[in-house]
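Printed here is run_33.cif (mmCIF, C-alpha atoms):
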```cif
data_final
loop_
_atom_site.label_atom_id
_atom_site.label_comp_id
_atom_site.auth_asym_id
_atom_site.auth_seq_id
_atom_site.Cartn_x
_atom_site.Cartn_y
_atom_site.Cartn_z
CA MET E 1 110.11 72.17 97.90
CA LYS E 2 106.89 73.08 96.19
CA LEU E 3 103.72 71.86 97.79
CA MET E 4 101.39 70.42 95.14
CA LEU E 5 97.84 69.11 95.10
CA GLN E 6 98.88 65.46 95.45
CA ASP E 7 100.62 66.31 98.74
CA ILE E 8 97.47 67.36 100.54
CA GLY E 9 94.59 65.93 98.48
CA PRO E 10 91.63 67.71 96.85
CA TRP E 11 89.40 67.95 99.93
CA PHE E 12 91.95 69.52 102.22
CA ALA E 13 92.97 71.85 99.38
CA LEU E 14 89.35 72.90 99.00
CA LEU E 15 89.19 73.95 102.64
CA LEU E 16 92.64 75.48 102.91
CA ILE E 17 93.01 77.37 99.64
CA GLY E 18 89.40 77.52 98.47
CA PHE E 19 87.20 78.20 101.46
CA LEU E 20 89.59 80.02 103.77
CA PRO E 21 90.92 82.77 101.44
CA ASN E 22 87.36 83.75 100.52
CA GLU E 23 85.87 83.64 103.97
CA ILE E 24 88.62 85.84 105.39
CA TRP E 25 87.48 88.82 103.30
CA ARG E 26 83.84 88.31 104.20
CA LEU E 27 84.70 88.07 107.88
CA ALA E 28 86.87 91.19 107.66
CA GLY E 29 83.88 93.03 106.19
CA VAL E 30 81.72 92.09 109.17
CA VAL E 31 84.35 92.96 111.75
CA LEU E 32 85.30 96.31 110.22
CA VAL E 33 81.86 97.86 110.13
CA ARG E 34 80.61 96.84 113.55
CA GLY E 35 78.21 99.53 114.72
CA LEU E 36 78.35 101.70 111.59
CA ASP E 37 75.22 103.18 110.06
CA GLU E 38 74.33 102.57 106.40
CA LYS E 39 74.21 106.31 105.74
CA SER E 40 77.60 107.07 107.25
CA GLN E 41 80.13 108.55 104.82
CA ILE E 42 82.53 105.62 105.16
CA ILE E 43 79.85 103.17 104.13
CA ILE E 44 78.88 105.33 101.15
CA TRP E 45 82.52 105.38 100.07
CA VAL E 46 82.86 101.62 100.62
CA ARG E 47 79.76 101.07 98.52
CA ALA E 48 81.35 103.05 95.68
CA VAL E 49 84.54 100.97 95.99
CA ALA E 50 82.52 97.74 95.90
CA THR E 51 80.61 98.90 92.83
CA ALA E 52 83.81 99.89 91.04
CA MET E 53 85.35 96.50 91.86
CA LEU E 54 82.28 94.85 90.38
CA ALA E 55 82.88 96.82 87.18
CA GLY E 56 86.49 95.65 87.32
CA VAL E 57 85.34 92.01 87.53
CA LEU E 58 83.03 92.64 84.59
CA ALA E 59 85.83 94.14 82.47
CA GLN E 60 88.09 91.20 83.38
CA LEU E 61 85.43 88.71 82.35
CA ILE E 62 84.77 90.37 79.00
CA LEU E 63 88.46 90.84 78.21
CA SER E 64 89.54 87.49 79.67
CA THR E 65 92.39 85.75 77.92
CA SER E 66 91.85 82.23 79.25
CA GLY E 67 89.17 79.59 79.02
CA ALA E 68 86.73 78.89 76.22
CA LEU E 69 85.73 82.57 75.99
CA ALA E 70 89.25 83.46 74.84
CA LEU E 71 88.52 81.60 71.60
CA ILE E 72 86.14 84.37 70.60
CA PRO E 73 88.01 87.47 69.34
CA VAL E 74 88.06 90.25 71.93
CA GLY E 75 86.51 92.73 69.47
CA VAL E 76 83.51 90.46 69.08
CA ARG E 77 83.10 90.24 72.85
CA ILE E 78 83.23 94.00 73.34
CA GLY E 79 80.92 94.58 70.37
CA ALA E 80 78.42 92.04 71.67
CA ALA E 81 78.47 93.66 75.11
CA CYS E 82 77.74 97.06 73.52
CA ILE E 83 74.90 95.65 71.39
CA GLY E 84 73.47 93.98 74.48
CA PHE E 85 73.63 97.20 76.47
CA ALA E 86 72.01 99.16 73.63
CA ALA E 87 69.18 96.61 73.50
CA PHE E 88 68.82 96.93 77.27
CA LEU E 89 68.38 100.71 76.96
CA ILE E 90 66.07 100.52 73.93
CA ALA E 91 63.85 97.94 75.65
CA ARG E 92 63.38 100.35 78.56
CA ARG E 93 65.99 98.78 80.85
CA SER E 94 64.97 95.17 80.33
CA VAL E 95 67.69 92.85 81.67
CA PHE E 96 66.26 89.96 79.66
CA ALA E 97 66.37 91.83 76.33
CA GLY E 98 69.93 92.93 77.02
CA ILE E 99 71.21 89.44 77.81
CA VAL E 100 69.44 87.84 74.84
CA ALA E 101 70.78 90.47 72.42
CA GLY E 102 74.31 90.19 73.83
CA GLU E 103 74.29 86.39 73.69
CA LEU E 104 72.93 86.27 70.14
CA SER E 105 75.53 88.80 69.01
CA VAL E 106 78.41 86.91 70.56
CA MET E 107 77.16 83.66 69.03
CA ALA E 108 76.79 85.27 65.61
CA GLY E 109 80.22 86.86 65.93
CA ALA E 110 81.84 83.62 67.02
CA TYR E 111 80.19 81.77 64.14
CA TRP E 112 81.30 84.47 61.66
CA PHE E 113 84.91 84.22 62.81
CA GLY E 114 84.77 80.43 62.66
CA VAL E 115 85.11 79.42 66.30
CA MET G 1 70.91 113.41 107.75
CA GLU G 2 71.68 113.88 104.08
CA GLN G 3 70.26 111.14 101.87
CA PRO G 4 73.14 109.52 99.94
CA GLN G 5 71.06 108.81 96.87
CA GLN G 6 69.09 111.15 94.69
CA GLN G 7 65.91 109.15 95.01
CA PRO G 8 63.29 110.62 97.27
CA PRO G 9 64.06 109.47 100.79
CA GLN G 10 62.34 106.19 101.47
CA PRO G 11 60.48 106.01 104.73
CA GLU G 12 61.41 103.07 106.91
CA PRO G 13 58.95 100.24 106.26
CA PRO G 14 56.18 100.27 108.84
CA GLN G 15 56.39 97.98 111.82
CA GLN G 16 54.22 94.97 111.16
CA PRO G 17 53.48 92.09 113.45
CA ALA G 18 56.42 89.70 113.08
CA ARG G 19 55.86 86.97 110.52
CA PRO G 20 57.09 83.45 111.29
CA TRP G 21 60.64 83.01 109.96
CA PRO G 22 59.94 80.12 107.57
CA ARG G 23 57.57 82.36 105.64
CA VAL G 24 60.12 85.14 105.40
CA PHE G 25 62.81 82.64 104.42
CA PHE G 26 60.59 81.17 101.73
CA ASP G 27 59.81 84.67 100.51
CA GLY G 28 63.53 85.20 99.99
CA TYR G 29 63.91 81.81 98.34
CA ALA G 30 61.04 82.47 95.94
CA THR G 31 62.46 85.90 95.13
CA ALA G 32 65.78 84.25 94.28
CA ILE G 33 64.15 81.81 91.88
CA ARG G 34 62.35 84.65 90.09
CA SER G 35 65.56 86.66 89.87
CA VAL G 36 67.37 86.81 86.54
CA PHE G 37 70.50 85.87 88.48
CA PHE G 38 69.13 82.41 89.21
CA TYR G 39 69.16 81.51 85.52
CA VAL G 40 72.45 83.25 84.96
CA LEU G 41 74.01 81.25 87.79
CA VAL G 42 72.67 77.99 86.40
CA GLY G 43 74.20 78.82 83.01
CA ASN G 44 77.46 79.98 84.50
CA TYR G 45 77.84 76.95 86.76
CA VAL G 46 77.05 74.56 83.90
CA GLY G 47 80.29 75.89 82.45
CA LEU G 48 82.10 75.51 85.78
CA GLY G 49 80.80 71.98 86.31
CA ALA G 50 82.11 71.05 82.88
CA LEU G 51 85.46 72.56 83.80
CA ALA G 52 85.62 70.55 87.04
CA PHE G 53 84.89 67.38 85.10
CA GLU G 54 87.65 68.15 82.61
CA PHE G 55 90.20 68.64 85.36
CA GLY G 56 89.26 65.39 87.03
CA PHE G 57 87.52 66.56 90.21
CA SER G 58 84.68 64.51 91.62
CA PHE G 59 81.01 65.41 91.44
CA TRP G 60 80.76 65.95 95.19
CA TRP G 61 83.93 68.01 95.29
CA MET G 62 82.39 70.37 92.73
CA ALA G 63 79.14 70.68 94.73
CA ALA G 64 81.05 71.26 97.97
CA SER G 65 83.24 73.90 96.37
CA THR G 66 80.14 75.86 95.34
CA LEU G 67 78.69 75.57 98.82
CA LEU G 68 81.91 76.49 100.63
CA ILE G 69 83.55 79.00 98.28
CA TRP G 70 80.50 80.50 96.57
CA ALA G 71 82.51 82.73 94.29
CA ALA G 72 82.62 81.81 90.62
CA PRO G 73 85.90 83.60 89.75
CA ALA G 74 87.70 81.96 92.68
CA GLN G 75 86.30 78.59 91.66
CA VAL G 76 87.48 79.05 88.09
CA ILE G 77 90.99 79.79 89.36
CA LEU G 78 90.95 76.92 91.84
CA ILE G 79 89.67 74.32 89.39
CA SER G 80 91.86 75.31 86.48
CA THR G 81 95.15 75.75 88.38
CA LEU G 82 94.96 73.34 91.31
CA THR G 83 96.20 70.32 89.37
CA THR G 84 99.14 72.07 87.73
CA SER G 85 100.41 74.95 89.91
CA ALA G 86 102.13 75.16 93.27
CA LEU G 87 99.59 75.48 96.07
CA VAL G 88 101.05 78.76 97.31
CA GLU G 89 100.45 80.37 93.93
CA VAL G 90 96.89 79.09 93.77
CA ALA G 91 96.18 80.32 97.28
CA LEU G 92 97.50 83.78 96.42
CA ALA G 93 95.45 84.01 93.22
CA VAL G 94 92.27 82.88 94.98
CA THR G 95 92.84 85.30 97.85
CA LEU G 96 93.34 88.26 95.52
CA SER G 97 90.32 87.34 93.41
CA SER G 98 88.07 87.69 96.44
CA VAL G 99 89.07 91.06 97.87
CA ARG G 100 85.77 92.42 96.57
CA PHE G 101 83.93 90.62 99.38
CA LEU G 102 85.34 93.00 101.97
CA PRO G 103 83.63 96.17 100.70
CA MET G 104 80.55 94.20 99.67
CA VAL G 105 79.98 92.73 103.10
CA ALA G 106 80.95 96.01 104.75
CA SER G 107 78.34 97.99 102.82
CA LEU G 108 75.70 95.33 103.38
CA ILE G 109 76.02 94.65 107.10
CA PRO G 110 74.62 98.02 108.25
CA LEU G 111 71.33 97.16 106.51
CA PHE G 112 70.94 94.32 109.01
CA ASN G 113 71.25 96.55 112.06
CA ALA G 114 68.19 95.92 114.19
CA PRO G 115 67.44 95.27 117.82
CA GLY G 116 68.12 91.64 118.65
CA VAL G 117 70.46 90.96 115.72
CA ARG G 118 73.63 89.47 117.17
CA GLN G 119 77.05 89.28 115.58
CA ARG G 120 76.76 85.54 115.03
CA ASP G 121 73.43 85.98 113.21
CA LEU G 122 75.47 87.76 110.55
CA LEU G 123 77.77 84.80 109.86
CA LEU G 124 75.37 83.08 107.47
CA PRO G 125 74.43 86.24 105.51
CA MET G 126 78.14 86.99 105.34
CA HIS G 127 78.86 83.61 103.79
CA PHE G 128 75.98 83.93 101.31
CA THR G 129 77.34 87.24 100.05
CA ALA G 130 78.48 86.89 96.46
CA ILE G 131 77.97 89.29 93.56
CA SER G 132 74.48 88.03 92.69
CA VAL G 133 73.16 87.93 96.24
CA TRP G 134 74.74 91.27 97.05
CA VAL G 135 73.19 93.05 94.04
CA GLU G 136 69.75 91.64 94.81
CA GLY G 137 70.14 92.25 98.53
CA MET G 138 71.15 95.89 98.13
CA ARG G 139 68.14 96.38 95.86
CA LEU G 140 65.52 94.56 97.93
CA LEU G 141 66.55 94.81 101.59
CA PRO G 142 65.81 98.53 102.15
CA ALA G 143 62.12 97.90 101.44
CA ARG G 144 61.95 95.05 103.98
CA PRO G 145 61.14 95.47 107.66
CA ARG G 146 64.41 95.49 109.61
CA GLY G 147 63.51 92.50 111.72
CA GLU G 148 63.02 90.31 108.63
CA ARG G 149 66.11 91.25 106.67
CA VAL G 150 68.54 88.59 107.93
CA THR G 151 66.09 85.76 107.33
CA PHE G 152 65.01 87.13 103.96
CA TYR G 153 68.62 87.46 102.84
CA ASN G 154 69.38 83.90 103.97
CA GLY G 155 66.46 82.70 101.85
CA LEU G 156 67.72 84.72 98.90
CA GLY G 157 71.21 83.29 99.30
CA SER G 158 69.97 79.71 99.66
CA GLY G 159 67.84 80.08 96.54
CA LEU G 160 70.66 81.40 94.40
CA ILE G 161 73.22 78.92 95.73
CA SER G 162 70.89 76.03 94.94
CA GLY G 163 70.65 77.26 91.35
CA ALA G 164 74.43 77.25 91.18
CA ILE G 165 74.67 73.71 92.59
CA ILE G 166 72.07 72.42 90.12
CA GLY G 167 73.94 74.12 87.27
CA GLY G 168 77.24 72.63 88.40
CA ALA G 169 75.73 69.15 88.51
CA VAL G 170 74.20 69.51 85.05
CA GLY G 171 77.49 70.79 83.63
CA PHE G 172 79.42 67.94 85.22
CA TYR G 173 77.28 65.43 83.36
CA LEU G 174 77.04 67.41 80.12
CA ALA G 175 80.79 68.01 80.03
CA ALA G 176 81.63 65.41 77.44
CA ARG G 177 78.87 66.60 75.11
CA LEU G 178 79.06 70.38 75.33
CA PRO G 179 80.30 71.86 72.03
CA LEU G 180 83.00 74.51 72.33
CA LEU G 181 80.88 77.33 70.92
CA LEU G 182 78.15 76.65 73.46
CA ALA G 183 80.68 76.55 76.29
CA ALA G 184 82.06 79.93 75.24
CA THR G 185 78.62 81.56 74.99
CA LEU G 186 77.71 80.12 78.38
CA LEU G 187 80.74 81.85 79.83
CA PHE G 188 79.61 85.10 78.21
CA PHE G 189 76.37 84.85 80.19
CA THR G 190 77.97 86.03 83.42
CA PRO G 191 79.39 89.37 82.23
CA MET G 192 76.17 90.14 80.32
CA ALA G 193 73.96 89.54 83.33
CA LEU G 194 76.34 91.49 85.54
CA LEU G 195 76.31 94.46 83.16
CA MET G 196 72.52 94.63 82.75
CA SER G 197 71.52 94.00 86.34
CA THR G 198 74.03 96.45 87.76
CA ALA G 199 72.98 99.08 85.23
CA ARG G 200 69.36 98.52 86.19
CA ASN G 201 70.06 98.84 89.90
CA ALA G 202 72.42 101.81 89.67
CA ARG G 203 70.01 104.72 89.89
CA ALA G 204 72.02 107.02 92.10
CA LEU G 205 74.75 109.04 90.40
CA LEU G 206 77.33 107.63 92.82
CA ASP G 207 76.64 104.05 91.72
CA ARG G 208 76.57 104.86 88.02
CA LEU G 209 79.75 106.84 88.17
CA ALA G 210 81.58 104.21 90.23
CA PHE G 211 80.50 101.52 87.79
CA ALA G 212 81.40 103.46 84.63
CA LEU G 213 84.76 104.53 86.05
CA GLY G 214 85.49 100.96 87.14
CA LEU G 215 84.95 99.76 83.57
CA VAL G 216 87.57 102.24 82.36
CA VAL G 217 90.05 102.04 85.24
CA GLY G 218 89.93 98.22 85.45
CA PRO G 219 91.49 97.46 82.05
CA LEU G 220 93.85 100.42 82.48
CA VAL G 221 95.20 99.06 85.77
CA ALA G 222 95.46 95.58 84.28
CA TRP G 223 97.40 97.01 81.33
CA LEU G 224 99.77 98.94 83.61
CA ASN G 225 100.39 95.63 85.38
CA PHE G 226 100.61 96.87 88.98
CA GLY G 227 99.31 93.62 90.35
CA LEU G 228 96.31 93.60 92.71
CA ASP G 229 94.22 94.88 89.77
CA LEU G 230 90.81 94.63 91.34
CA MET G 231 91.79 96.30 94.56
CA TRP G 232 93.29 99.30 92.78
CA THR G 233 90.34 99.52 90.42
CA GLY G 234 87.97 99.66 93.36
CA LEU G 235 89.99 102.17 95.34
CA ILE G 236 90.73 104.54 92.44
CA ALA G 237 87.40 104.49 90.61
CA GLY G 238 85.33 104.23 93.79
CA SER G 239 87.11 107.15 95.47
CA ILE G 240 86.79 109.41 92.42
CA ALA G 241 83.07 108.63 92.23
CA TYR G 242 82.71 109.32 95.94
CA LEU G 243 84.54 112.65 95.69
CA VAL G 244 82.33 113.77 92.78
CA HIS G 245 79.30 112.76 94.83
CA ARG G 246 80.52 114.78 97.83
CA TRP G 247 81.29 117.79 95.64
CA ARG G 248 77.83 117.74 94.04
CA GLU G 249 76.20 117.37 97.42
CA ALA G 250 78.10 120.35 98.77
CA LYS G 251 77.10 122.37 95.72
CA SER G 252 73.41 121.53 95.99
CA MET G 253 73.48 122.39 99.70
CA LYS G 254 74.89 125.82 98.86
CA ALA G 255 72.24 126.33 96.16
CA THR G 256 69.36 125.51 98.52
CA PRO G 257 70.35 126.76 101.94
#
```
With the file now loaded, output its structure as structure tokens.
Amino acid sequence: MKLMLQDIGPWFALLLIGFLPNEIWRLAGVVLVRGLDEKSQIIIWVRAVATAMLAGVLAQLILSTSGALALIPVGVRIGAACIGFAAFLIARRSVFAGIVAGELSVMAGAYWFGV
Amino acid sequence: MEQPQQQPPQPEPPQQPARPWPRVFFDGYATAIRSVFFYVLVGNYVGLGALAFEFGFSFWWMAASTLLIWAAPAQVILISTLTTSALVEVALAVTLSSVRFLPMVASLIPLFNAPGVRQRDLLLPMHFTAISVWVEGMRLLPARPRGERVTFYNGLGSGLISGAIIGGAVGFYLAARLPLLLAATLLFFTPMALLMSTARNARALLDRLAFALGLVVGPLVAWLNFGLDLMWTGLIAGSIAYLVHRWREAKSMKATP
């Protein structure tokens, strides 16, 4: 038998398969590093792993194949991200300039390809 | 002790007379509202709120999910699959999408070490940890006096989470009227903000390398279809970056005995 949403209701589902699976990882993070120093080698390595995972999330978001974003061709999304990053560098590392340039490019690209 | 970053070693902030906690909390809250992430979260959660509306969840369910889960990717999965997939599958997908919290919290917690900080004082900062709060916390906390960091971070987290809740509410009501193109560009907001703000904060070679390698390894792992994509991306790219960092450190120590 497959347990579905209507068997347990949206609120219980929120707690059981929304809240709990997230909080477990956060709690594990607290428990694992008890007493460690921020300059210890393990923490430096863990920081690198966290940063790389963040980049992984970013790549997933840009290349995502579901949701409204999937309607925009993947080439347009990658191109817009590159244009945004270039603008960020040209504008002396301005986050605002980068986001605006990236957003305008993706909008223009989406319009061009008739989304 | 060898400084992990290439920046000049920062001296610990001087001991000041303790400020009352509401002021420190408000400081954090105000910092959150001025952060680019606040606006990004509003935009991002407008999209999520619209999604929740489309899948038939209630307004309060959406707000509670932001407060309790506080992870946009997990919420996207939950909202878009809960009504159609078996609960076990949804639970697995949500669990795997949130592995990143383990290293994030683990690298953050040592910044809170201070006399008088108990384990249970860390429960709230732990819950507030999401990508946005983590990035801002890692950037801002080292300059704060140790005794104020927990309260400041709680203010930061509360500020950003309130932006997300407002965004979700707006999206819930806009849902019927949001044109598709606008919805898609709203969703593009999140990766753009993530890219720029991480690039701005990554000044040490270790961070830059880990980030760049993650961008390459991530899609590669996804293409190879191992499963557990994010975990492998983190472990592979993060470890390579760390090894390069160690190797360079050893070399520079030899060069300047």
Gly56 of chain E environment, 8 Å, all atoms listed in the file, sequence neighbours closer than 5 positions dropped, as a ChimeraX atom specification: /G:214-215,217-219,230,233-234
File dump, residues just selected, C-alpha atoms, as a PDB file, keeping the file's coordinate frame:
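File result_3.pdb, as written:
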```pdb
ATOM      1  CA  GLY G 214      85.490 100.960  87.140  1.00  0.00           C
ATOM      2  CA  LEU G 215      84.950  99.760  83.570  1.00  0.00           C
ATOM      3  CA  VAL G 217      90.050 102.040  85.240  1.00  0.00           C
ATOM      4  CA  GLY G 218      89.930  98.220  85.450  1.00  0.00           C
ATOM      5  CA  PRO G 219      91.490  97.460  82.050  1.00  0.00           C
ATOM      6  CA  LEU G 230      90.810  94.630  91.340  1.00  0.00           C
ATOM      7  CA  THR G 233      90.340  99.520  90.420  1.00  0.00           C
ATOM      8  CA  GLY G 234      87.970  99.660  93.360  1.00  0.00           C
TER       9      GLY G 234
END
```
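Distances here use all atoms listed in the file; by that measure, the residue among G:Thr185, G:Thr198, G:Ser85, G:Thr190 closest to Val76 of chain E is G:Thr185.
With the shown file loaded, the PyMOL selection byres ((chain G and resi 84) around 12) picks out Lys2, Leu3, Met4, Leu5 and Gln6 of chain E; Phe55, Gly56, Ile77, Leu78, Ile79, Ser80, Thr81, Leu82, Thr83, Ser85, Ala86, Leu87, Val88, Glu89 and Val90 of chain G.
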Using the chain letters and numbering of this document, enumerate as a VMD selection string the residues selected by the PyMOL selection byres ((chain E and resi 41) around 12). (chain E and resid 36 to 40 42 to 48) or (chain G and resid 1 to 4 107 239 242 to 243 245 to 246)
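For the pair atom CA of Asp207 of chain G and atom CA of Ala130 of chain G, the interatomic distance is 17.9 Å.
The closest residue to chain E, picked from G:Leu194, G:Ala114, G:Ile161, G:Leu156 and counting all atoms listed in the file, is G:Leu194.
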Please expand the PyMOL selection byres ((chain G and resi 25-39) around 10) into the concrete residues it hits in this file, giving the result as an NGL selection string. (:E and (95-96 or 99)) or (:G and (20-24 or 40-45 or 131-133 or 135-137 or 140 or 148-164 or 167 or 189-190 or 193-194 or 197))
Taking only C-alpha atoms into account, which of G:Trp60, G:Trp70, G:Phe112, G:Phe211 comes nearest chain E? G:Phe211
Residues near Trp112 of chain E, cut-off 12 Å, all atoms listed in the file, skip fewer than 3 positions along chain, as an mmCIF file with C-alpha atoms, in the frame of the given file:
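New file result01.cif:
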```
data_model
loop_
_atom_site.group_PDB
_atom_site.id
_atom_site.type_symbol
_atom_site.label_atom_id
_atom_site.label_comp_id
_atom_site.auth_asym_id
_atom_site.auth_seq_id
_atom_site.Cartn_x
_atom_site.Cartn_y
_atom_site.Cartn_z
ATOM 1 C CA ILE E 72 86.140 84.370 70.600
ATOM 2 C CA PRO E 73 88.010 87.470 69.340
ATOM 3 C CA VAL E 76 83.510 90.460 69.080
ATOM 4 C CA SER E 105 75.530 88.800 69.010
ATOM 5 C CA VAL E 106 78.410 86.910 70.560
ATOM 6 C CA MET E 107 77.160 83.660 69.030
ATOM 7 C CA ALA E 108 76.790 85.270 65.610
ATOM 8 C CA GLY E 109 80.220 86.860 65.930
ATOM 9 C CA VAL E 115 85.110 79.420 66.300
ATOM 10 C CA LEU G 181 80.880 77.330 70.920
#
```
Pull the closest atom pair for each residue of segment 102-157 of chain G that gets at most 10 Å from segment 25-35 of chain E, along with the distance in Å to one decimal, counting only C-alpha atoms, ordering rows by chain and then ascending residue number, as a tab-separated table.
```
residue	atom	partner	partner_atom	distance
G:Leu102	CA	E:Gly29	CA	4.5
G:Pro103	CA	E:Gly29	CA	6.3
G:Met104	CA	E:Gly29	CA	7.4
G:Val105	CA	E:Gly29	CA	5.0
G:Ala106	CA	E:Gly29	CA	4.4
G:Ser107	CA	E:Val33	CA	8.1
G:Leu108	CA	E:Gly29	CA	8.9
G:Ile109	CA	E:Val30	CA	6.6
G:Pro110	CA	E:Val33	CA	7.5
G:Asn113	CA	E:Gly35	CA	8.0
G:Gln119	CA	E:Val30	CA	8.4
G:Leu122	CA	E:Val30	CA	7.7
G:Leu123	CA	E:Leu27	CA	7.9
G:Pro125	CA	E:Arg26	CA	9.7
G:Met126	CA	E:Arg26	CA	6.0
G:His127	CA	E:Arg26	CA	6.9
G:Phe128	CA	E:Arg26	CA	9.5
G:Thr129	CA	E:Arg26	CA	7.8
G:Ala130	CA	E:Arg26	CA	9.5
```
Kindly provide, as AutoDock Vina command-line options, the centre and edge lengths (Å, one decimal) of an axis-aligned box around all atoms of segment 157-174 of chain G given in the file, with 5 Å on each side.
```
--center_x 73.6 --center_y 74.4 --center_z 89.9 --size_x 21.6 --size_y 27.9 --size_z 29.5
```
Name the closest residue to chain E among the candidates G:Leu209, G:Met196, G:Ala18, G:Ile240; distances are taken between atoms, counting only C-alpha atoms. G:Met196
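Rounded to one decimal, atom CA of Arg77 of chain E and atom CA of Phe101 of chain G lie 26.5 Å from each other.
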Quick one: pull the distance between atom CA of Gly147 of chain G and atom CA of Leu111 of chain G, Å, one decimal. 10.5 Å
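Using all atoms listed in the file, the nearest neighbour of chain E within the list G:Trp134, G:Phe226, G:Trp61, G:Phe53 is G:Trp61.
Among the candidate residues G:Leu213, G:Leu220, G:Met253, G:Val94, the one lying nearest to Ala241 of chain G is G:Leu213, with distances computed using all atoms listed in the file.
Near segment 172-176 of chain G, within 10 Å and counting all atoms listed in the file, sit Tyr45, Val46, Gly47, Leu48, Gly49, Ala50, Leu51, Ala52, Phe53, Glu54, Phe57, Ser58, Phe59, Met62, Ala63, Ile166, Gly167, Gly168 and Ala183 of chain G; same-chain residues fewer than 4 positions away were not included.
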Just C-alpha atoms for this one: save the residues we selected as a PDB file, in the coordinates of the input.
```
ATOM      1  CA  TYR G  45      77.840  76.950  86.760  1.00  0.00           C
ATOM      2  CA  VAL G  46      77.050  74.560  83.900  1.00  0.00           C
ATOM      3  CA  GLY G  47      80.290  75.890  82.450  1.00  0.00           C
ATOM      4  CA  LEU G  48      82.100  75.510  85.780  1.00  0.00           C
ATOM      5  CA  GLY G  49      80.800  71.980  86.310  1.00  0.00           C
ATOM      6  CA  ALA G  50      82.110  71.050  82.880  1.00  0.00           C
ATOM      7  CA  LEU G  51      85.460  72.560  83.800  1.00  0.00           C
ATOM      8  CA  ALA G  52      85.620  70.550  87.040  1.00  0.00           C
ATOM      9  CA  PHE G  53      84.890  67.380  85.100  1.00  0.00           C
ATOM     10  CA  GLU G  54      87.650  68.150  82.610  1.00  0.00           C
ATOM     11  CA  PHE G  57      87.520  66.560  90.210  1.00  0.00           C
ATOM     12  CA  SER G  58      84.680  64.510  91.620  1.00  0.00           C
ATOM     13  CA  PHE G  59      81.010  65.410  91.440  1.00  0.00           C
ATOM     14  CA  MET G  62      82.390  70.370  92.730  1.00  0.00           C
ATOM     15  CA  ALA G  63      79.140  70.680  94.730  1.00  0.00           C
ATOM     16  CA  ILE G 166      72.070  72.420  90.120  1.00  0.00           C
ATOM     17  CA  GLY G 167      73.940  74.120  87.270  1.00  0.00           C
ATOM     18  CA  GLY G 168      77.240  72.630  88.400  1.00  0.00           C
ATOM     19  CA  ALA G 183      80.680  76.550  76.290  1.00  0.00           C
TER      20      ALA G 183
END
```
From the block I gave, I'd like segment 81-106 of chain G written with C-alpha atoms, as a PDB file, in the first residue's frame.
```pdb
ATOM      1  CA  THR G  81       5.062  16.483  -5.485  1.00  0.00           C
ATOM      2  CA  LEU G  82       3.023  16.123  -2.307  1.00  0.00           C
ATOM      3  CA  THR G  83      -0.339  15.915  -4.049  1.00  0.00           C
ATOM      4  CA  THR G  84       0.718  13.377  -6.664  1.00  0.00           C
ATOM      5  CA  SER G  85       3.551  11.163  -5.357  1.00  0.00           C
ATOM      6  CA  ALA G  86       3.806   8.516  -2.657  1.00  0.00           C
ATOM      7  CA  LEU G  87       4.822  10.068   0.656  1.00  0.00           C
ATOM      8  CA  VAL G  88       7.925   7.887   0.965  1.00  0.00           C
ATOM      9  CA  GLU G  89       9.266   9.228  -2.319  1.00  0.00           C
ATOM     10  CA  VAL G  90       8.585  12.819  -1.318  1.00  0.00           C
ATOM     11  CA  ALA G  91      10.260  12.301   2.041  1.00  0.00           C
ATOM     12  CA  LEU G  92      13.349  10.853   0.371  1.00  0.00           C
ATOM     13  CA  ALA G  93      13.596  13.700  -2.152  1.00  0.00           C
ATOM     14  CA  VAL G  94      13.194  16.344   0.558  1.00  0.00           C
ATOM     15  CA  THR G  95      15.766  14.643   2.777  1.00  0.00           C
ATOM     16  CA  LEU G  96      18.346  14.464   0.003  1.00  0.00           C
ATOM     17  CA  SER G  97      17.740  18.059  -1.048  1.00  0.00           C
ATOM     18  CA  SER G  98      18.763  19.261   2.396  1.00  0.00           C
ATOM     19  CA  VAL G  99      22.046  17.451   2.995  1.00  0.00           C
ATOM     20  CA  ARG G 100      23.800  20.776   2.473  1.00  0.00           C
ATOM     21  CA  PHE G 101      22.620  21.938   5.905  1.00  0.00           C
ATOM     22  CA  LEU G 102      24.978  19.532   7.643  1.00  0.00           C
ATOM     23  CA  PRO G 103      28.255  21.105   6.448  1.00  0.00           C
ATOM     24  CA  MET G 104      26.731  24.586   6.587  1.00  0.00           C
ATOM     25  CA  VAL G 105      25.725  24.319  10.220  1.00  0.00           C
ATOM     26  CA  ALA G 106      28.949  22.483  11.051  1.00  0.00           C
TER      27      ALA G 106
END
```
